[in-house]
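Source file entry-v2.csv; content: CSV, C-alpha atoms.
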chain,number,residue,atom,x,y,z
A,49,MET,CA,-18.6,-185.7,-86.0
A,50,ALA,CA,-22.2,-184.2,-86.2
A,51,LYS,CA,-22.9,-180.7,-84.8
A,52,PRO,CA,-25.1,-180.3,-81.7
A,53,ALA,CA,-28.8,-180.1,-82.3
A,54,ALA,CA,-30.5,-176.7,-82.5
A,55,ALA,CA,-32.3,-177.3,-79.2
A,56,ALA,CA,-28.9,-177.3,-77.5
A,57,ARG,CA,-28.0,-173.8,-78.7
A,58,LYS,CA,-27.7,-170.9,-76.3
A,59,PRO,CA,-30.8,-168.8,-76.1
A,60,SER,CA,-30.6,-165.5,-77.9
A,61,ALA,CA,-30.2,-162.2,-76.0
A,62,ALA,CA,-33.8,-161.1,-77.0
A,63,SER,CA,-35.4,-164.3,-75.6
A,64,THR,CA,-33.4,-163.9,-72.4
A,65,VAL,CA,-34.7,-160.4,-71.9
A,66,ALA,CA,-38.3,-161.5,-72.6
A,67,LEU,CA,-38.0,-164.3,-70.1
A,68,ARG,CA,-36.6,-162.0,-67.4
A,69,LEU,CA,-39.4,-159.5,-68.0
A,70,ALA,CA,-42.1,-162.1,-67.7
A,71,LEU,CA,-40.6,-163.4,-64.4
A,72,ALA,CA,-40.4,-159.8,-63.1
A,73,LEU,CA,-44.0,-159.2,-63.9
A,74,ALA,CA,-45.1,-162.4,-62.3
A,75,SER,CA,-43.2,-161.6,-59.2
A,76,ALA,CA,-44.7,-158.1,-59.0
A,77,GLY,CA,-48.2,-159.5,-59.4
A,78,LEU,CA,-47.6,-162.1,-56.7
A,79,LEU,CA,-46.2,-159.4,-54.3
A,80,PHE,CA,-49.3,-157.2,-55.0
A,81,LEU,CA,-51.6,-160.1,-54.2
A,82,LEU,CA,-49.8,-160.8,-50.9
A,83,LEU,CA,-49.9,-157.1,-49.9
A,84,ARG,CA,-53.6,-156.9,-50.9
A,85,LEU,CA,-54.6,-160.0,-48.9
A,86,SER,CA,-52.4,-159.6,-45.8
A,87,PRO,CA,-53.6,-157.6,-42.8
A,88,SER,CA,-52.3,-154.0,-42.8
A,89,SER,CA,-51.3,-151.8,-40.0
A,90,PRO,CA,-53.7,-149.0,-38.9
A,91,SER,CA,-53.5,-145.9,-40.9
A,92,PRO,CA,-52.5,-142.7,-39.1
A,93,THR,CA,-55.3,-141.0,-40.9
A,94,PRO,CA,-58.7,-142.7,-40.5
A,95,HIS,CA,-60.6,-143.2,-43.7
A,96,PRO,CA,-57.9,-141.5,-45.9
A,97,HIS,CA,-59.7,-142.4,-49.1
A,98,ARG,CA,-62.8,-140.4,-48.2
A,99,ARG,CA,-63.3,-136.8,-49.1
A,100,LEU,CA,-64.0,-134.7,-46.1
A,101,ARG,CA,-66.1,-131.5,-46.4
A,102,LEU,CA,-67.2,-128.6,-44.3
A,103,ARG,CA,-70.9,-128.2,-43.8
A,104,ALA,CA,-72.1,-124.6,-44.0
A,105,ARG,CA,-74.8,-124.0,-41.4
A,106,THR,CA,-78.3,-123.8,-43.0
A,107,HIS,CA,-80.2,-120.6,-42.4
A,108,ASP,CA,-83.5,-122.4,-42.2
A,109,ALA,CA,-84.9,-122.3,-38.7
A,110,HIS,CA,-86.5,-125.7,-38.8
A,111,ALA,CA,-83.5,-127.4,-40.3
A,112,ARG,CA,-81.3,-126.0,-37.6
A,113,HIS,CA,-83.5,-127.2,-34.7
A,114,HIS,CA,-81.1,-130.1,-33.9
A,115,HIS,CA,-77.9,-128.8,-35.3
A,116,GLN,CA,-74.7,-130.7,-34.4
A,117,ILE,CA,-72.3,-128.8,-32.1
A,118,PRO,CA,-68.8,-128.8,-33.7
A,119,PHE,CA,-66.5,-131.1,-31.7
A,120,ASP,CA,-63.3,-129.6,-33.0
A,121,PRO,CA,-62.7,-125.8,-32.5
A,122,VAL,CA,-60.7,-125.8,-35.7
A,123,ILE,CA,-63.7,-127.0,-37.6
A,124,ALA,CA,-66.0,-124.6,-35.8
A,125,ASP,CA,-63.8,-121.7,-36.9
A,126,LEU,CA,-63.9,-122.8,-40.5
A,127,GLU,CA,-67.7,-123.3,-40.4
A,128,ARG,CA,-68.2,-119.9,-38.8
A,129,ARG,CA,-66.2,-118.4,-41.7
A,130,LEU,CA,-68.6,-120.1,-44.2
A,131,GLU,CA,-71.6,-118.8,-42.3
A,132,ASP,CA,-70.1,-115.2,-42.1
A,133,ARG,CA,-69.6,-115.2,-45.9
A,134,GLU,CA,-73.2,-116.2,-46.5
A,135,TRP,CA,-74.4,-113.5,-44.1
A,136,GLU,CA,-72.4,-110.8,-45.9
A,137,ARG,CA,-73.6,-112.0,-49.2
A,138,LEU,CA,-77.2,-111.6,-48.1
A,139,ALA,CA,-76.4,-108.1,-46.7
A,140,ALA,CA,-74.7,-107.2,-50.0
A,141,ALA,CA,-77.8,-108.3,-51.9
A,142,GLY,CA,-79.9,-105.7,-50.0
A,143,LEU,CA,-81.3,-108.0,-47.3
A,144,HIS,CA,-80.1,-105.9,-44.5
A,145,ALA,CA,-81.4,-104.0,-41.5
A,146,PRO,CA,-83.4,-100.8,-42.2
A,147,GLY,CA,-81.2,-97.7,-42.3
A,148,MET,CA,-78.1,-99.7,-43.4
A,149,GLU,CA,-76.7,-99.4,-46.9
A,150,ALA,CA,-75.8,-102.5,-48.9
A,151,ALA,CA,-72.1,-103.0,-49.5
A,152,PRO,CA,-70.4,-105.0,-52.3
A,153,VAL,CA,-69.2,-108.5,-51.4
A,154,PRO,CA,-65.5,-108.3,-50.5
A,155,GLU,CA,-63.4,-109.8,-53.2
A,156,ASP,CA,-61.8,-112.3,-50.9
A,157,LEU,CA,-65.1,-113.8,-49.9
A,158,SER,CA,-65.3,-116.3,-52.8
A,159,ASP,CA,-66.1,-119.9,-53.3
A,160,GLY,CA,-62.4,-120.5,-53.8
A,161,GLU,CA,-61.8,-119.7,-50.1
A,162,ALA,CA,-64.3,-122.4,-49.2
A,163,ASP,CA,-62.5,-124.9,-51.5
A,164,ALA,CA,-59.2,-124.0,-49.9
A,165,ASP,CA,-60.6,-124.7,-46.4
A,166,GLU,CA,-61.8,-128.1,-47.6
A,167,ASP,CA,-58.4,-128.8,-49.2
A,168,TYR,CA,-56.9,-128.0,-45.8
A,169,ILE,CA,-59.0,-130.6,-43.9
A,170,ASN,CA,-58.2,-133.2,-46.5
A,171,ASP,CA,-54.5,-132.7,-46.3
A,172,ALA,CA,-53.3,-135.3,-43.8
A,173,ALA,CA,-50.1,-133.4,-43.2
A,174,ARG,CA,-51.9,-130.3,-42.0
A,175,PHE,CA,-55.1,-131.8,-40.6
A,176,ASN,CA,-54.9,-135.3,-39.2
A,177,VAL,CA,-58.0,-136.5,-37.4
A,178,THR,CA,-56.1,-139.0,-35.2
A,179,ARG,CA,-53.7,-136.3,-34.0
A,180,ARG,CA,-56.5,-133.9,-33.4
A,181,VAL,CA,-58.3,-136.4,-31.2
A,182,GLU,CA,-55.0,-136.9,-29.3
A,183,GLU,CA,-54.6,-133.2,-28.8
A,184,LEU,CA,-58.2,-132.5,-27.7
A,185,PHE,CA,-58.6,-135.5,-25.4
A,186,PRO,CA,-56.7,-133.9,-22.4
A,187,LYS,CA,-58.7,-130.7,-22.9
A,188,ILE,CA,-62.0,-132.7,-22.4
A,189,ASP,CA,-60.8,-135.1,-19.7
A,190,VAL,CA,-60.5,-132.5,-16.9
A,191,ASP,CA,-63.0,-133.4,-14.2
A,192,PRO,CA,-61.0,-135.3,-13.1
A,193,ALA,CA,-58.1,-135.9,-15.5
A,194,ASP,CA,-58.1,-139.7,-15.2
A,195,GLY,CA,-57.7,-141.0,-18.8
A,196,ALA,CA,-61.4,-141.4,-19.5
A,197,VAL,CA,-64.0,-138.9,-20.9
A,198,THR,CA,-67.3,-139.1,-19.1
A,199,GLY,CA,-70.7,-138.0,-20.4
A,200,ASP,CA,-70.6,-134.9,-18.1
A,201,GLU,CA,-67.1,-133.9,-19.4
A,202,LEU,CA,-68.1,-134.3,-23.0
A,203,ALA,CA,-71.4,-132.4,-22.4
A,204,ALA,CA,-69.4,-129.6,-20.8
A,205,TRP,CA,-67.0,-129.5,-23.8
A,206,ASN,CA,-70.0,-129.4,-26.2
A,207,LEU,CA,-71.7,-126.7,-24.2
A,208,ALA,CA,-68.6,-124.4,-24.2
A,209,ASN,CA,-68.3,-124.9,-28.0
A,210,SER,CA,-72.0,-124.2,-28.5
A,211,ARG,CA,-71.9,-121.0,-26.4
A,212,ARG,CA,-69.0,-119.7,-28.5
A,213,GLU,CA,-71.0,-120.3,-31.6
A,214,VAL,CA,-74.1,-118.6,-30.3
A,215,LEU,CA,-72.1,-115.6,-29.0
A,216,HIS,CA,-70.4,-115.2,-32.3
A,217,ARG,CA,-73.7,-115.0,-34.1
A,218,THR,CA,-75.0,-112.6,-31.6
A,219,ALA,CA,-72.0,-110.3,-32.0
A,220,ARG,CA,-72.5,-110.4,-35.7
A,221,GLU,CA,-76.1,-109.4,-35.5
A,222,LEU,CA,-75.4,-106.7,-32.9
A,223,ASP,CA,-72.9,-105.2,-35.3
A,224,LEU,CA,-75.6,-105.3,-38.1
A,225,HIS,CA,-78.1,-103.3,-36.1
A,226,ASP,CA,-75.8,-101.0,-34.1
A,227,ARG,CA,-76.1,-97.9,-36.3
A,228,ASP,CA,-74.1,-95.6,-34.1
A,229,HIS,CA,-71.4,-98.2,-33.6
A,230,ASP,CA,-71.3,-97.8,-29.8
A,231,GLY,CA,-71.3,-101.5,-29.1
A,232,ARG,CA,-74.8,-101.6,-27.7
A,233,LEU,CA,-78.4,-101.5,-29.0
A,234,ALA,CA,-81.2,-99.1,-28.3
A,235,PHE,CA,-84.7,-100.4,-28.9
A,236,GLY,CA,-85.1,-98.1,-31.8
A,237,GLU,CA,-82.1,-99.5,-33.5
A,238,TYR,CA,-83.4,-103.0,-33.4
A,239,LYS,CA,-85.9,-103.1,-36.3
A,240,ARG,CA,-85.6,-106.7,-37.3
A,241,PRO,CA,-86.0,-107.5,-41.0
A,242,SER,CA,-88.3,-110.4,-41.9
A,243,TRP,CA,-85.5,-112.4,-43.4
A,244,ALA,CA,-83.2,-112.3,-40.4
A,245,TRP,CA,-85.2,-114.7,-38.2
A,246,ARG,CA,-83.8,-117.5,-40.4
A,247,PHE,CA,-80.4,-117.0,-38.8
A,248,ASP,CA,-81.8,-117.7,-35.3
A,249,ASP,CA,-81.0,-121.0,-33.8
A,250,HIS,CA,-83.4,-123.4,-32.0
A,251,ASN,CA,-83.4,-121.4,-28.8
A,252,SER,CA,-84.6,-118.1,-30.4
A,253,THR,CA,-88.1,-117.0,-30.2
A,254,ASN,CA,-89.9,-115.4,-33.1
A,255,ASP,CA,-93.4,-114.8,-34.3
A,256,GLY,CA,-92.6,-112.9,-37.4
A,257,VAL,CA,-91.6,-109.3,-37.7
A,258,GLY,CA,-93.5,-108.3,-34.5
A,259,TRP,CA,-91.7,-110.5,-32.0
A,260,TRP,CA,-89.3,-107.7,-31.0
A,261,LYS,CA,-91.6,-106.2,-28.4
A,262,GLU,CA,-90.6,-103.5,-26.0
A,263,GLU,CA,-91.5,-105.7,-23.1
A,264,HIS,CA,-89.1,-108.4,-24.3
A,265,PHE,CA,-86.4,-105.7,-24.8
A,266,SER,CA,-86.9,-104.3,-21.3
A,267,ALA,CA,-86.8,-107.8,-19.7
A,268,ALA,CA,-83.3,-108.3,-21.3
A,269,ASP,CA,-82.0,-104.9,-20.1
A,270,VAL,CA,-80.6,-106.1,-16.8
A,271,ASP,CA,-79.0,-102.8,-15.8
A,272,ASN,CA,-82.0,-100.7,-16.9
A,273,ASP,CA,-79.9,-98.3,-18.9
A,274,GLY,CA,-82.1,-98.4,-22.0
A,275,PHE,CA,-79.6,-100.3,-24.0
A,276,LEU,CA,-78.6,-103.9,-24.6
A,277,ASN,CA,-74.9,-104.8,-24.4
A,278,LEU,CA,-73.5,-108.0,-26.0
A,279,THR,CA,-74.4,-110.2,-23.0
A,280,GLU,CA,-77.9,-108.7,-22.7
A,281,PHE,CA,-78.5,-108.9,-26.4
A,282,ASN,CA,-77.4,-112.6,-26.4
A,283,ASP,CA,-80.0,-113.3,-23.7
A,284,PHE,CA,-82.6,-111.3,-25.7
A,285,LEU,CA,-82.0,-113.5,-28.7
A,286,HIS,CA,-81.7,-116.8,-26.7
A,287,PRO,CA,-83.9,-116.5,-23.6
A,288,ALA,CA,-83.9,-120.3,-23.1
A,289,ASP,CA,-80.3,-120.1,-22.0
A,290,THR,CA,-80.5,-117.1,-19.8
A,291,ALA,CA,-80.2,-116.9,-16.0
A,292,ASN,CA,-82.2,-113.6,-16.1
A,293,PRO,CA,-85.4,-114.3,-14.2
A,294,LYS,CA,-87.2,-111.4,-16.0
A,295,LEU,CA,-86.6,-113.0,-19.3
A,296,ILE,CA,-87.7,-116.4,-18.1
A,297,HIS,CA,-90.9,-114.8,-16.9
A,298,TRP,CA,-91.3,-113.1,-20.2
A,299,LEU,CA,-90.9,-116.4,-22.0
A,300,CYS,CA,-93.6,-118.0,-19.9
A,301,LYS,CA,-95.9,-115.1,-20.5
A,302,GLU,CA,-95.3,-115.5,-24.3
A,303,GLU,CA,-96.4,-119.1,-24.0
A,304,VAL,CA,-99.6,-118.0,-22.3
A,305,ARG,CA,-100.2,-115.1,-24.7
A,306,GLU,CA,-100.0,-117.4,-27.8
A,307,ARG,CA,-102.6,-119.8,-26.5
A,308,ASP,CA,-104.9,-117.6,-24.3
A,309,LYS,CA,-108.0,-117.7,-26.5
A,310,ASP,CA,-110.3,-115.9,-24.0
A,311,ASN,CA,-107.7,-113.3,-23.1
A,312,ASP,CA,-107.9,-113.7,-19.4
A,313,GLY,CA,-104.1,-113.9,-18.9
A,314,LYS,CA,-104.1,-117.6,-18.0
A,315,LEU,CA,-104.6,-121.0,-19.6
A,316,ASN,CA,-107.6,-123.1,-18.9
A,317,PHE,CA,-107.5,-126.9,-19.4
A,318,GLN,CA,-108.7,-126.8,-23.0
A,319,GLU,CA,-106.1,-124.1,-23.9
A,320,PHE,CA,-103.4,-126.2,-22.3
A,321,PHE,CA,-104.6,-129.5,-23.8
A,322,SER,CA,-104.8,-128.2,-27.4
A,323,GLY,CA,-101.5,-126.5,-27.3
A,324,LEU,CA,-98.9,-126.9,-24.6
A,325,PHE,CA,-99.6,-130.5,-23.7
A,326,TYR,CA,-98.6,-131.9,-27.0
A,327,SER,CA,-95.3,-130.0,-26.8
A,328,ILE,CA,-94.3,-131.3,-23.4
A,329,ARG,CA,-95.8,-134.9,-23.3
A,330,HIS,CA,-92.5,-136.5,-24.5
A,331,TYR,CA,-90.6,-134.8,-21.7
A,332,ASP,CA,-93.1,-135.6,-18.9
A,333,ASP,CA,-91.6,-137.4,-15.9
A,334,GLU,CA,-94.6,-139.7,-15.8
A,335,GLY,CA,-93.6,-141.2,-19.1
A,336,ILE,CA,-96.5,-139.9,-21.2
A,337,THR,CA,-96.3,-141.1,-24.8
A,338,ASP,CA,-98.5,-140.9,-27.9
A,339,GLY,CA,-100.1,-144.2,-27.0
A,340,THR,CA,-102.9,-142.6,-24.9
A,341,GLY,CA,-105.7,-143.7,-27.2
A,342,GLY,CA,-107.0,-140.2,-27.5
A,343,SER,CA,-107.7,-139.9,-23.7
A,344,ASP,CA,-107.3,-136.6,-22.0
A,345,ALA,CA,-106.4,-138.2,-18.7
A,346,PRO,CA,-102.7,-137.8,-19.0
A,347,ALA,CA,-103.2,-134.1,-19.9
A,348,LYS,CA,-105.4,-133.6,-16.9
A,349,LYS,CA,-102.8,-135.2,-14.6
A,350,SER,CA,-100.1,-133.0,-16.1
A,351,PHE,CA,-102.3,-129.9,-15.7
A,352,SER,CA,-103.1,-130.8,-12.1
A,353,HIS,CA,-99.4,-131.0,-11.3
A,354,LEU,CA,-98.7,-127.6,-12.8
A,355,ASP,CA,-101.8,-125.9,-11.2
A,356,LEU,CA,-100.1,-125.1,-7.9
A,357,ASP,CA,-102.9,-122.8,-6.5
A,358,ASN,CA,-105.7,-125.2,-7.7
A,359,ASP,CA,-107.7,-122.4,-9.3
A,360,GLY,CA,-108.2,-124.4,-12.5
A,361,LEU,CA,-106.0,-122.1,-14.5
A,362,LEU,CA,-102.2,-122.0,-15.4
A,363,SER,CA,-100.4,-118.7,-14.9
A,364,ALA,CA,-97.1,-117.7,-16.4
A,365,ASP,CA,-95.3,-118.5,-13.1
A,366,GLU,CA,-96.8,-121.9,-13.1
A,367,LEU,CA,-95.3,-122.7,-16.5
A,368,LYS,CA,-91.8,-122.2,-15.3
A,369,ALA,CA,-91.6,-125.8,-14.3
A,370,ILE,CA,-91.9,-126.9,-18.0
A,371,ILE,CA,-90.4,-123.9,-19.9
A,372,GLY,CA,-87.2,-125.9,-20.3
A,373,ASN,CA,-89.2,-128.6,-22.2
A,374,LEU,CA,-90.9,-126.0,-24.4
A,375,HIS,CA,-87.6,-124.2,-25.2
A,376,PRO,CA,-84.7,-126.7,-24.7
A,377,SER,CA,-81.5,-124.9,-23.8
A,378,GLU,CA,-78.0,-125.3,-25.3
A,379,HIS,CA,-77.2,-127.5,-22.3
A,380,PHE,CA,-80.0,-129.9,-23.3
A,381,TYR,CA,-78.5,-130.3,-26.8
A,382,ALA,CA,-74.9,-130.6,-25.5
A,383,LYS,CA,-75.9,-133.4,-23.2
A,384,GLN,CA,-78.0,-135.1,-25.9
A,385,GLN,CA,-75.0,-135.1,-28.3
A,386,ALA,CA,-72.6,-136.3,-25.6
A,387,ASP,CA,-75.0,-139.2,-24.8
A,388,TYR,CA,-75.3,-140.1,-28.5
A,389,VAL,CA,-71.5,-140.0,-29.1
A,390,ILE,CA,-70.7,-142.2,-26.1
A,391,SER,CA,-73.4,-144.7,-27.1
A,392,GLN,CA,-71.7,-145.0,-30.5
A,393,ALA,CA,-68.0,-144.9,-29.6
A,394,ASP,CA,-68.0,-146.7,-26.2
A,395,THR,CA,-66.9,-150.1,-27.5
A,396,ASN,CA,-66.3,-151.7,-24.1
A,397,LYS,CA,-69.6,-150.3,-22.7
A,398,ASP,CA,-68.2,-148.9,-19.5
A,399,GLY,CA,-70.1,-145.6,-20.0
A,400,GLN,CA,-67.0,-143.5,-20.8
A,401,LEU,CA,-64.5,-143.0,-23.6
A,402,SER,CA,-60.8,-143.8,-23.6
A,403,MET,CA,-58.5,-142.1,-26.1
A,404,LYS,CA,-58.2,-145.4,-28.0
A,405,GLU,CA,-62.0,-145.6,-28.4
A,406,MET,CA,-62.1,-142.0,-29.6
A,407,ILE,CA,-59.3,-142.5,-32.1
A,408,GLU,CA,-60.9,-145.7,-33.4
A,409,ASN,CA,-64.3,-144.0,-33.9
A,410,PRO,CA,-63.5,-140.6,-35.5
A,411,TYR,CA,-66.6,-140.5,-37.6
A,412,VAL,CA,-68.7,-140.1,-34.5
A,413,PHE,CA,-67.0,-136.9,-33.6
A,414,TYR,CA,-66.4,-135.6,-37.1
A,415,ASN,CA,-69.5,-136.8,-38.8
A,416,ALA,CA,-70.3,-133.2,-40.0
A,417,LEU,CA,-67.2,-133.6,-42.2
A,418,PHE,CA,-67.7,-137.0,-43.8
A,419,THR,CA,-70.1,-137.0,-46.7
A,420,GLU,CA,-73.6,-138.3,-46.1
A,421,ASP,CA,-72.9,-141.1,-48.6
A,422,ASP,CA,-70.4,-142.5,-46.2
A,423,TYR,CA,-72.3,-142.4,-43.0
A,424,GLY,CA,-75.9,-141.4,-43.7
A,425,PHE,CA,-77.8,-138.9,-41.6
A,426,HIS,CA,-78.0,-138.6,-37.8
A,427,ASP,CA,-81.3,-136.8,-37.5
A,428,GLU,CA,-81.1,-136.7,-33.7
A,429,LEU,CA,-78.1,-134.4,-34.0
A,430,ARG,CA,-79.2,-132.1,-36.9
Just give me the structure as structure tokens.
Amino acid sequence: MAKPAAAARKPSAASTVALRLALALASAGLLFLLLRLSPSSPSPTPHPHRRLRLRARTHDAHARHHHQIPFDPVIADLERRLEDREWERLAAAGLHAPGMEAAPVPEDLSDGEADADEDYINDAARFNVTRRVEELFPKIDVDPADGAVTGDELAAWNLANSRREVLHRTARELDLHDRDHDGRLAFGEYKRPSWAWRFDDHNSTNDGVGWWKEEHFSAADVDNDGFLNLTEFNDFLHPADTANPKLIHWLCKEEVRERDKDNDGKLNFQEFFSGLFYSIRHYDDEGITDGTGGSDAPAKKSFSHLDLDNDGLLSADELKAIIGNLHPSEHFYAKQQADYVISQADTNKDGQLSMKEMIENPYVFYNALFTEDDYGFHDELR
């Protein structure tokens, strides 16, 4: 009888292995496609594929005019460390207050430390944006604690964070000028170098090296002891945020002095029109805009409202009504940022934020961390 055909033979061991390998690869490819195309559950770390970074504060006064207030105290602390390192580097380079000796840069203040900080915020096990929002939410939602963050609550949170930032910079500068290390400044100790104004924020006043006037110093010296303690020095550097009436009056007098061409101690209409009016027109309650066609009628209306004694001139006291527009306070920027954040994260448009909305929109709160390539610039906050 004839033998079975070759086609009926059992496959060899090698061909069996090859077939199984091909089937396994095909199965793996199919599984990959199914996972790729199927909806996935939310990640506990929003945008895990994106590199987060710390943004060192710029020391350019114009660029800092609309700085973003750090939302997270952890981030604020890391950014302060970056800024402190830059401050010490400038001091070590000889850019220091007169009478102070330059010191070498400490060995631990290196770029490697900044890299370590960024590694930390990119380690989901140590810094998880979702968990941070969950932890911070009840600290913001306090007035009342009702499960929703309002604009006022967020503005209050921003303001508290901003004031800590400002006071930290003030303490650092006080230490820079305090030659006898008694924790306060005499007028003679405060000889401000020309480079240092670049560290001031948007609320500081400066007109070059000569802005530290004795009148300004005296206005900040609330207890009249001839020295400025930390609180007084903070008001001295940031008069727009003070409750000291003498400093507010000094700030109004400075506005007059800078524009008083005829040196009569007041502003006539032309001095007001060519200077102050263009600074306040966007804040005017009457809705003045640039579309005035070159007419001075809006300026005359504004001037008339300010001229309380109807003498045709504006005194320093009469400028108090608009000084907040000329020198916006930290509260102004805190509210501006809160309004912007709510407009971006309030998905159900009820005018407040739930924890779910905050978790689903982390980039709005941490946009100082995401690279500009991811989210672009938010000029209104910087």
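When all atoms listed in the file are used to measure the gap to Leu361 (chain A), the shortest distance among A:Ile328, A:Ala382, A:Asp398, A:Glu319 belongs to A:Glu319.
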**Prompt:** Please, what distance in Å, to one decimal, runs between CA of Thr178 (chain A) and CA of Leu130 (chain A)?
**Reply:**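 Between CA of Thr178 (chain A) and CA of Leu130 (chain A) the gap works out to 24.4 Å.
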**Asked** Pick from A:Phe380, A:Tyr168, A:Phe413, A:Phe317: nearest to Val181 (chain A), with all atoms listed in the file counted?
**Response**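 Smallest distance to Val181 (chain A) is found for A:Phe413.
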Answer as a JSON list (two decimals) with C-alpha atoms, keeping the file's coordinate frame, residues within 8 Å of (-104.0, -123.9, -20.1) using all atoms listed in the file:
[["chain", "number", "residue", "atom", "x", "y", "z"],
["A", 304, "VAL", "CA", -99.60, -118.00, -22.30],
["A", 307, "ARG", "CA", -102.60, -119.80, -26.50],
["A", 308, "ASP", "CA", -104.90, -117.60, -24.30],
["A", 314, "LYS", "CA", -104.10, -117.60, -18.00],
["A", 315, "LEU", "CA", -104.60, -121.00, -19.60],
["A", 316, "ASN", "CA", -107.60, -123.10, -18.90],
["A", 317, "PHE", "CA", -107.50, -126.90, -19.40],
["A", 318, "GLN", "CA", -108.70, -126.80, -23.00],
["A", 319, "GLU", "CA", -106.10, -124.10, -23.90],
["A", 320, "PHE", "CA", -103.40, -126.20, -22.30],
["A", 321, "PHE", "CA", -104.60, -129.50, -23.80],
["A", 324, "LEU", "CA", -98.90, -126.90, -24.60],
["A", 351, "PHE", "CA", -102.30, -129.90, -15.70],
["A", 361, "LEU", "CA", -106.00, -122.10, -14.50],
["A", 362, "LEU", "CA", -102.20, -122.00, -15.40]]
**Request:** Could you jot down the CA of Pro186 (chain A) to CA of Met403 (chain A) separation for me, Å, one decimal place?
**Result:** 9.2 Å
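Relative to CA of Glu378 (chain A), CA of Ala124 (chain A) is found at 16.0 Å.
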Mind checking which residues fall within 7 Å of Ile188 (chain A), counting all atoms listed in the file, ignoring those fewer than 4 positions away in the same chain, and posting them as a PDB file with C-alpha atoms, keeping the file's coordinate frame?
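Now in selection_7.pdb:
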ATOM      1  CA  LEU A 184     -58.200-132.500 -27.700  1.00  0.00           C
ATOM      2  CA  VAL A 197     -64.000-138.900 -20.900  1.00  0.00           C
ATOM      3  CA  GLU A 201     -67.100-133.900 -19.400  1.00  0.00           C
ATOM      4  CA  LEU A 202     -68.100-134.300 -23.000  1.00  0.00           C
ATOM      5  CA  TRP A 205     -67.000-129.500 -23.800  1.00  0.00           C
TER       6      TRP A 205
END
Taking 6 positions as the minimum chain separation for residues in the same chain, which residues sit within 9 Å of Lys368 (chain A) when counting all atoms listed in the file? Answer as a CSV table (one decimal) with C-alpha atoms, in the coordinates of the input.
chain,number,residue,atom,x,y,z
A,296,ILE,CA,-87.7,-116.4,-18.1
A,297,HIS,CA,-90.9,-114.8,-16.9
A,299,LEU,CA,-90.9,-116.4,-22.0
A,300,CYS,CA,-93.6,-118.0,-19.9
**Item:** Spatial neighbours of region 286-293 of chain A, 12 Å, all atoms listed in the file, chain gap at least 4 places, as a ChimeraX atom specification
**Value:** /A:207,210-211,214-215,217-218,248-254,264-271,279-282,297-300,302,365,368,370-381
Next, dump the selected residues to file, keeping only C-alpha atoms, as a tab-separated table (two decimals), in the coordinates of the input.
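The file below, part-v1.tsv, is the result:
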chain	number	residue	atom	x	y	z
A	207	LEU	CA	-71.70	-126.70	-24.20
A	210	SER	CA	-72.00	-124.20	-28.50
A	211	ARG	CA	-71.90	-121.00	-26.40
A	214	VAL	CA	-74.10	-118.60	-30.30
A	215	LEU	CA	-72.10	-115.60	-29.00
A	217	ARG	CA	-73.70	-115.00	-34.10
A	218	THR	CA	-75.00	-112.60	-31.60
A	248	ASP	CA	-81.80	-117.70	-35.30
A	249	ASP	CA	-81.00	-121.00	-33.80
A	250	HIS	CA	-83.40	-123.40	-32.00
A	251	ASN	CA	-83.40	-121.40	-28.80
A	252	SER	CA	-84.60	-118.10	-30.40
A	253	THR	CA	-88.10	-117.00	-30.20
A	254	ASN	CA	-89.90	-115.40	-33.10
A	264	HIS	CA	-89.10	-108.40	-24.30
A	265	PHE	CA	-86.40	-105.70	-24.80
A	266	SER	CA	-86.90	-104.30	-21.30
A	267	ALA	CA	-86.80	-107.80	-19.70
A	268	ALA	CA	-83.30	-108.30	-21.30
A	269	ASP	CA	-82.00	-104.90	-20.10
A	270	VAL	CA	-80.60	-106.10	-16.80
A	271	ASP	CA	-79.00	-102.80	-15.80
A	279	THR	CA	-74.40	-110.20	-23.00
A	280	GLU	CA	-77.90	-108.70	-22.70
A	281	PHE	CA	-78.50	-108.90	-26.40
A	282	ASN	CA	-77.40	-112.60	-26.40
A	297	HIS	CA	-90.90	-114.80	-16.90
A	298	TRP	CA	-91.30	-113.10	-20.20
A	299	LEU	CA	-90.90	-116.40	-22.00
A	300	CYS	CA	-93.60	-118.00	-19.90
A	302	GLU	CA	-95.30	-115.50	-24.30
A	365	ASP	CA	-95.30	-118.50	-13.10
A	368	LYS	CA	-91.80	-122.20	-15.30
A	370	ILE	CA	-91.90	-126.90	-18.00
A	371	ILE	CA	-90.40	-123.90	-19.90
A	372	GLY	CA	-87.20	-125.90	-20.30
A	373	ASN	CA	-89.20	-128.60	-22.20
A	374	LEU	CA	-90.90	-126.00	-24.40
A	375	HIS	CA	-87.60	-124.20	-25.20
A	376	PRO	CA	-84.70	-126.70	-24.70
A	377	SER	CA	-81.50	-124.90	-23.80
A	378	GLU	CA	-78.00	-125.30	-25.30
A	379	HIS	CA	-77.20	-127.50	-22.30
A	380	PHE	CA	-80.00	-129.90	-23.30
A	381	TYR	CA	-78.50	-130.30	-26.80
**Message:** Using all atoms listed in the file, can you tell me which of A:Ile390, A:Val177, A:Leu276, A:Leu356 comes closest to Asp120 (chain A)?
**Reply:**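 Of A:Ile390, A:Val177, A:Leu276, A:Leu356, the one nearest Asp120 (chain A) is A:Val177, counting all atoms listed in the file.
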